[in-house]
$ cat work.txt   # compact mmCIF, C-alpha atoms
# COMPACT_ATOMS: atom_id res chain seq x y z
CA MET A 1 11.10 2.07 -15.04
CA GLY A 2 11.29 5.09 -17.26
CA GLY A 3 8.17 6.78 -15.92
CA ALA A 4 5.91 3.89 -16.91
CA ASP A 5 2.79 3.19 -14.88
CA LYS A 6 4.20 0.28 -12.88
CA GLY A 7 0.84 -1.27 -12.14
CA LEU A 8 0.25 -1.83 -15.83
CA LEU A 9 3.66 -3.33 -16.65
CA VAL A 10 3.35 -6.98 -17.61
CA HIS A 11 4.88 -9.73 -15.47
CA HIS A 12 4.22 -13.38 -16.33
CA GLY A 13 1.52 -12.38 -18.81
CA GLN A 14 -0.44 -10.11 -16.46
CA PRO A 15 -0.20 -6.47 -15.39
CA LEU A 16 1.49 -6.16 -12.00
CA VAL A 17 -1.70 -4.78 -10.46
CA ASN A 18 -3.47 -8.04 -11.32
CA HIS A 19 -0.92 -10.01 -9.32
CA ALA A 20 -1.46 -7.80 -6.27
CA ILE A 21 -5.24 -8.06 -6.61
CA ALA A 22 -5.10 -11.84 -6.97
CA ARG A 23 -3.00 -12.16 -3.79
CA LEU A 24 -5.18 -9.73 -1.80
CA LYS A 25 -8.63 -10.82 -2.95
CA PRO A 26 -8.85 -13.88 -0.64
CA GLN A 27 -7.66 -11.75 2.29
CA VAL A 28 -10.00 -8.75 2.16
CA GLU A 29 -13.63 -7.90 1.50
CA THR A 30 -13.02 -4.90 -0.75
CA ILE A 31 -10.15 -3.75 -2.92
CA ILE A 32 -9.46 -0.08 -3.59
CA VAL A 33 -6.87 0.81 -6.22
CA SER A 34 -4.95 4.05 -5.75
CA ALA A 35 -3.94 5.54 -9.10
CA ASN A 36 -3.42 8.95 -10.65
CA ARG A 37 -3.30 8.03 -14.32
CA ASN A 38 -4.86 5.42 -16.60
CA LEU A 39 -7.91 5.52 -14.34
CA ASP A 40 -10.17 3.91 -16.95
CA VAL A 41 -7.80 0.96 -17.30
CA TYR A 42 -7.74 0.42 -13.54
CA ALA A 43 -11.51 0.87 -13.25
CA ALA A 44 -11.98 -1.84 -15.89
CA LEU A 45 -10.48 -4.30 -13.39
CA GLY A 46 -13.74 -4.08 -11.46
CA HIS A 47 -12.55 -2.39 -8.28
CA ARG A 48 -12.98 1.11 -6.93
CA VAL A 49 -10.23 3.49 -8.03
CA VAL A 50 -9.24 6.55 -5.99
CA ARG A 51 -6.95 9.44 -6.85
CA ASP A 52 -4.77 11.42 -4.50
CA THR A 53 -6.84 13.97 -2.60
CA VAL A 54 -4.12 16.24 -1.25
CA ALA A 55 -3.98 19.86 -2.37
CA ASP A 56 -1.78 20.95 -5.27
CA VAL A 57 0.90 22.20 -2.88
CA THR A 58 1.56 18.59 -1.93
CA ARG A 59 1.67 17.18 -5.46
CA SER A 60 4.76 15.14 -4.73
CA ALA A 61 3.31 13.48 -1.65
CA GLY A 62 4.01 10.04 -3.12
CA PRO A 63 2.63 6.88 -1.52
CA LEU A 64 1.37 8.74 1.54
CA ALA A 65 -1.08 10.62 -0.68
CA GLY A 66 -2.36 7.27 -1.92
CA TRP A 67 -2.73 6.11 1.66
CA LEU A 68 -4.73 9.22 2.51
CA ALA A 69 -7.04 8.71 -0.47
CA GLY A 70 -7.51 5.08 0.54
CA LEU A 71 -8.20 5.92 4.18
CA GLN A 72 -10.73 8.55 3.13
CA ALA A 73 -12.46 6.10 0.76
CA CYS A 74 -12.32 3.11 3.08
CA ASP A 75 -15.60 2.02 4.64
CA THR A 76 -14.06 -0.50 7.03
CA ASP A 77 -12.05 0.14 10.19
CA TRP A 78 -8.78 -0.95 8.58
CA LEU A 79 -7.00 -0.32 5.30
CA VAL A 80 -4.27 -2.64 4.07
CA SER A 81 -1.68 -1.21 1.70
CA VAL A 82 0.54 -3.13 -0.67
CA PRO A 83 2.65 -1.87 -3.55
CA CYS A 84 1.64 -3.01 -7.01
CA ASP A 85 5.19 -4.07 -7.87
CA ALA A 86 5.49 -6.91 -5.34
CA PRO A 87 3.62 -9.79 -6.99
CA ASP A 88 4.50 -12.45 -4.40
CA LEU A 89 3.10 -10.86 -1.24
CA PRO A 90 2.22 -13.36 1.50
CA GLY A 91 -1.13 -15.10 1.34
CA ASP A 92 -1.61 -14.43 5.06
CA LEU A 93 -0.32 -10.85 5.07
CA VAL A 94 -3.56 -9.23 6.24
CA ALA A 95 -4.28 -11.81 8.95
CA ARG A 96 -0.78 -11.51 10.39
CA LEU A 97 -0.76 -7.71 10.29
CA HIS A 98 -4.23 -7.57 11.86
CA ALA A 99 -3.33 -10.03 14.62
CA ALA A 100 -0.22 -8.00 15.43
CA ALA A 101 -2.17 -4.73 15.46
CA LEU A 102 -4.71 -6.16 17.88
CA ALA A 103 -2.05 -7.73 20.11
CA ALA A 104 -0.13 -4.45 20.32
CA ALA A 105 -3.24 -2.22 20.40
CA ALA A 106 -1.60 -0.38 17.49
CA SER A 107 -3.37 1.79 14.94
CA ALA A 108 -0.69 1.08 12.32
CA VAL A 109 1.56 -1.89 11.61
CA TYR A 110 3.92 -2.74 8.78
CA ALA A 111 5.94 -5.70 7.55
CA THR A 112 9.61 -6.21 8.25
CA THR A 113 12.10 -8.95 7.41
CA THR A 114 15.77 -9.51 8.15
CA ASP A 115 16.39 -7.42 5.00
CA GLY A 116 14.78 -4.46 6.76
CA PRO A 117 11.41 -2.72 6.97
CA HIS A 118 8.84 -2.92 4.19
CA PRO A 119 6.66 0.03 5.19
CA THR A 120 4.47 0.02 2.07
CA PHE A 121 3.05 -3.31 3.28
CA ALA A 122 0.97 -1.80 6.04
CA LEU A 123 -2.30 -2.06 7.90
CA LEU A 124 -3.74 1.27 9.01
CA GLN A 125 -6.79 2.22 11.05
CA ARG A 126 -9.12 4.46 9.08
CA SER A 127 -9.19 6.87 12.02
CA LEU A 128 -5.60 7.87 11.14
CA ALA A 129 -6.77 9.83 8.06
CA PRO A 130 -6.88 13.27 9.77
CA GLU A 131 -3.43 12.74 11.28
CA LEU A 132 -1.99 11.73 7.91
CA GLU A 133 -3.64 14.71 6.23
CA ARG A 134 -2.03 17.07 8.77
CA PHE A 135 1.34 15.38 8.27
CA LEU A 136 1.11 15.93 4.51
CA GLU A 137 -0.10 19.52 4.89
CA GLN A 138 2.95 20.20 7.07
CA GLY A 139 5.23 18.93 4.31
CA GLY A 140 5.81 15.39 5.55
CA ARG A 141 6.61 12.95 2.75
CA ARG A 142 8.48 9.98 4.17
CA ILE A 143 6.43 6.90 5.01
CA ARG A 144 8.83 5.91 7.77
CA ASP A 145 8.56 9.34 9.41
CA TRP A 146 4.78 9.16 9.50
CA LEU A 147 4.75 5.56 10.72
CA SER A 148 7.12 6.59 13.49
CA ALA A 149 4.89 9.57 14.37
CA VAL A 150 1.89 7.26 14.83
CA ASP A 151 3.91 4.66 16.74
CA ALA A 152 3.46 2.00 14.07
CA VAL A 153 4.57 -1.47 15.07
CA PRO A 154 6.83 -3.58 12.83
CA VAL A 155 5.58 -7.11 12.19
CA PRO A 156 8.28 -9.69 11.43
CA PHE A 157 7.94 -11.95 8.41
CA ALA A 158 10.42 -14.67 7.45
CA GLU A 159 9.54 -14.70 3.74
CA GLU A 160 11.91 -12.05 2.43
CA SER A 161 11.23 -12.90 -1.22
CA ALA A 162 7.51 -12.21 -0.73
CA PHE A 163 8.33 -8.53 -0.30
CA ALA A 164 10.66 -8.17 -3.27
CA ASN A 165 9.80 -5.21 -5.49
CA LEU A 166 10.19 -5.38 -9.25
CA ASN A 167 12.12 -2.19 -9.94
CA HIS A 168 14.02 -2.96 -13.15
CA PRO A 169 12.84 -4.08 -16.60
CA ASP A 170 14.80 -7.33 -16.19
CA ASP A 171 12.72 -8.13 -13.09
CA LEU A 172 9.57 -8.35 -15.22
CA ARG A 173 10.58 -11.49 -17.09
$ encode --input "work.txt" --output "structure tokens"
Amino acid sequence: MGGADKGLLVHHGQPLVNHAIARLKPQVETIIVSANRNLDVYAALGHRVVRDTVADVTRSAGPLAGWLAGLQACDTDWLVSVPCDAPDLPGDLVARLHAAALAAAASAVYATTTDGPHPTFALLQRSLAPELERFLEQGGRRIRDWLSAVDAVPVPFAEESAFANLNHPDDLR
């Protein structure tokens, strides 16, 4: 979207980040926002904001760097991750991911639909932080590669539209 800060783009009268927060708030005790710019704007939303913590050599670490910052800041056993550009995420996302993680004794799980995997919708044990940090330090960048390395379990969801990302200006209407 032309380099714009996606979380602050307006969809149905609200910044995208507000939609994600509204959907997550009933599902979790604490919300942590991962951002690397417009930190004051995100902080004004009333939730903790964390920046990427990886060294300069891994500047382009992408979403995994946000996951690492979240895992390092998290004070619970689990961290749920959702992208800010998917305003219709399921209202039971966390419960379903958590139940699947417990049933499979998995330290990481992620959503999947018949459309394919949605790895940015994930539930991760905080204890994975050192492993993720090593992966990033070794040059790893792909979410799917890291999830595979930690034997993450896919969790099927039927609601494909709940995982739709808004990636084009026309999607914001």
$ closest_residue --input "work.txt" --among "A:Val150, A:Leu123, A:Ala101, A:Ala129" --to "Ala69 (chain A)" --atoms "all atoms listed in the file"
A:Ala129
$ residues_around --input "work.txt" --residues "Asp88 (chain A)" --least-positions-apart "6" --cutoff "10 Å" --atoms "all atoms listed in the file" --output "list of chain:residue names"
A:His19, A:Ala20, A:Ala22, A:Arg23, A:Glu159, A:Ser161, A:Ala162, A:Phe163, A:Ala164, A:Asn165
$ residues_around --input "work.txt" --residues "Ala43 (chain A)" --least-positions-apart "4" --cutoff "12 Å" --atoms "all atoms listed in the file" --output "list in words"
Val17, Ile31, Ile32, Val33, Ser34, Ala35, Asn36, Arg37, Asn38, Leu39, His47, Arg48, Val49, Val50 and Arg51 of chain A
$ atom_distance --input "work.txt" --atom1 "CA of Ala158 (chain A)" --atom2 "CA of His118 (chain A)"
12.3 Å
$ residues_near_point --input "work.txt" --point "(-4.8, 14.3, 10.3)" --cutoff "12 Å" --atoms "all atoms listed in the file" --output "list of chain:residue names"
A:Val54, A:Leu68, A:Leu71, A:Gln72, A:Arg126, A:Ser127, A:Leu128, A:Ala129, A:Pro130, A:Glu131, A:Leu132, A:Glu133, A:Arg134, A:Phe135, A:Leu136, A:Glu137, A:Gln138, A:Gly140, A:Trp146, A:Ala149, A:Val150
$ atom_distance --input "work.txt" --atom1 "CA of Val94 (chain A)" --atom2 "CA of Gly13 (chain A)"
25.8 Å
$ atom_distance --input "work.txt" --atom1 "CA of Leu93 (chain A)" --atom2 "CA of Ala44 (chain A)"
25.6 Å
$ closest_residue --input "work.txt" --among "A:Ser81, A:Gln125, A:Thr53, A:Thr30" --to "Ser107 (chain A)" --atoms "all atoms listed in the file"
A:Gln125
$ residues_near_point --input "work.txt" --point "(-5.9, -5.5, -12.7)" --cutoff "8 Å" --atoms "only C-alpha atoms" --output "ChimeraX atom specification"
/A:7-8,15-19,21,42,44-45
$ residues_around --input "work.txt" --residues "Asp92 (chain A)" --least-positions-apart "4" --cutoff "12 Å" --atoms "only C-alpha atoms" --output "list in words"
Arg23, Leu24, Lys25, Pro26, Gln27, Val28, Asp88, Arg96, Leu97, His98, Ala99, Ala111, Phe157, Glu159 and Ala162 of chain A
$ closest_residue --input "work.txt" --among "A:Asp75, A:Cys84, A:Leu102, A:Ile143" --to "Ala61 (chain A)" --atoms "only C-alpha atoms"
A:Ile143
$ decode --input "work.txt" --residues "region 15-96 of chain A" --atoms "C-alpha atoms" --output "compact mmCIF listing (two decimals), in the first residue's frame"
# COMPACT_ATOMS: atom_id res chain seq x y z
CA PRO A 15 -7.59 2.36 11.74
CA LEU A 16 -6.98 -1.30 10.90
CA VAL A 17 -5.17 -1.83 14.20
CA ASN A 18 -8.37 -0.88 16.06
CA HIS A 19 -10.26 -3.67 14.30
CA ALA A 20 -7.64 -6.23 15.33
CA ILE A 21 -7.64 -4.96 18.92
CA ALA A 22 -11.44 -5.04 19.11
CA ARG A 23 -11.51 -8.66 17.90
CA LEU A 24 -8.68 -9.77 20.22
CA LYS A 25 -9.64 -7.90 23.38
CA PRO A 26 -12.34 -10.37 24.50
CA GLN A 27 -9.96 -13.27 23.83
CA VAL A 28 -6.82 -12.23 25.73
CA GLU A 29 -5.78 -10.59 28.97
CA THR A 30 -3.15 -8.27 27.50
CA ILE A 31 -2.51 -6.80 24.08
CA ILE A 32 0.97 -5.96 22.85
CA VAL A 33 1.31 -4.00 19.61
CA SER A 34 4.42 -4.61 17.52
CA ALA A 35 5.38 -1.49 15.57
CA ASN A 36 8.52 0.22 14.32
CA ARG A 37 7.13 3.62 13.40
CA ASN A 38 4.38 5.93 14.63
CA LEU A 39 5.02 4.56 18.11
CA ASP A 40 3.26 7.47 19.82
CA VAL A 41 0.12 6.90 17.78
CA TYR A 42 0.06 3.22 18.70
CA ALA A 43 0.84 3.96 22.35
CA ALA A 44 -2.14 6.33 22.46
CA LEU A 45 -4.37 3.29 21.89
CA GLY A 46 -3.65 2.29 25.48
CA HIS A 47 -1.66 -0.89 24.93
CA ARG A 48 2.00 -1.72 25.30
CA VAL A 49 3.99 -1.13 22.11
CA VAL A 50 7.20 -3.02 21.33
CA ARG A 51 9.77 -2.48 18.60
CA ASP A 52 11.85 -5.09 16.85
CA THR A 53 14.77 -6.13 19.04
CA VAL A 54 16.98 -7.89 16.50
CA ALA A 55 20.40 -6.48 15.69
CA ASP A 56 20.94 -4.14 12.74
CA VAL A 57 22.26 -6.99 10.61
CA THR A 58 18.76 -8.45 10.61
CA ARG A 59 16.91 -5.23 9.79
CA SER A 60 14.74 -6.93 7.20
CA ALA A 61 13.61 -9.70 9.54
CA GLY A 62 9.96 -8.82 8.89
CA PRO A 63 7.15 -10.32 10.95
CA LEU A 64 9.47 -12.75 12.71
CA ALA A 65 11.25 -9.80 14.33
CA GLY A 66 7.88 -8.62 15.62
CA TRP A 67 7.22 -12.08 16.98
CA LEU A 68 10.56 -12.07 18.77
CA ALA A 69 9.86 -8.67 20.33
CA GLY A 70 6.44 -9.89 21.42
CA LEU A 71 7.79 -13.13 22.88
CA GLN A 72 10.46 -11.19 24.78
CA ALA A 73 7.88 -8.73 26.13
CA CYS A 74 5.20 -11.30 26.89
CA ASP A 75 4.58 -12.08 30.55
CA THR A 76 2.27 -15.03 29.93
CA ASP A 77 3.14 -18.51 28.70
CA TRP A 78 1.61 -17.92 25.27
CA LEU A 79 1.67 -15.15 22.68
CA VAL A 80 -1.00 -14.91 20.01
CA SER A 81 -0.09 -13.15 16.78
CA VAL A 82 -2.47 -11.64 14.27
CA PRO A 83 -1.76 -9.28 11.39
CA CYS A 84 -3.25 -5.81 11.64
CA ASP A 85 -4.69 -6.01 8.12
CA ALA A 86 -7.20 -8.81 8.76
CA PRO A 87 -10.11 -7.04 10.48
CA ASP A 88 -12.48 -10.03 10.56
CA LEU A 89 -10.39 -12.54 12.50
CA PRO A 90 -12.44 -15.21 14.30
CA GLY A 91 -13.92 -14.38 17.68
CA ASP A 92 -12.74 -17.76 18.98
CA LEU A 93 -9.31 -17.74 17.35
CA VAL A 94 -7.30 -17.87 20.57
CA ALA A 95 -9.45 -20.54 22.22
CA ARG A 96 -9.24 -22.79 19.17
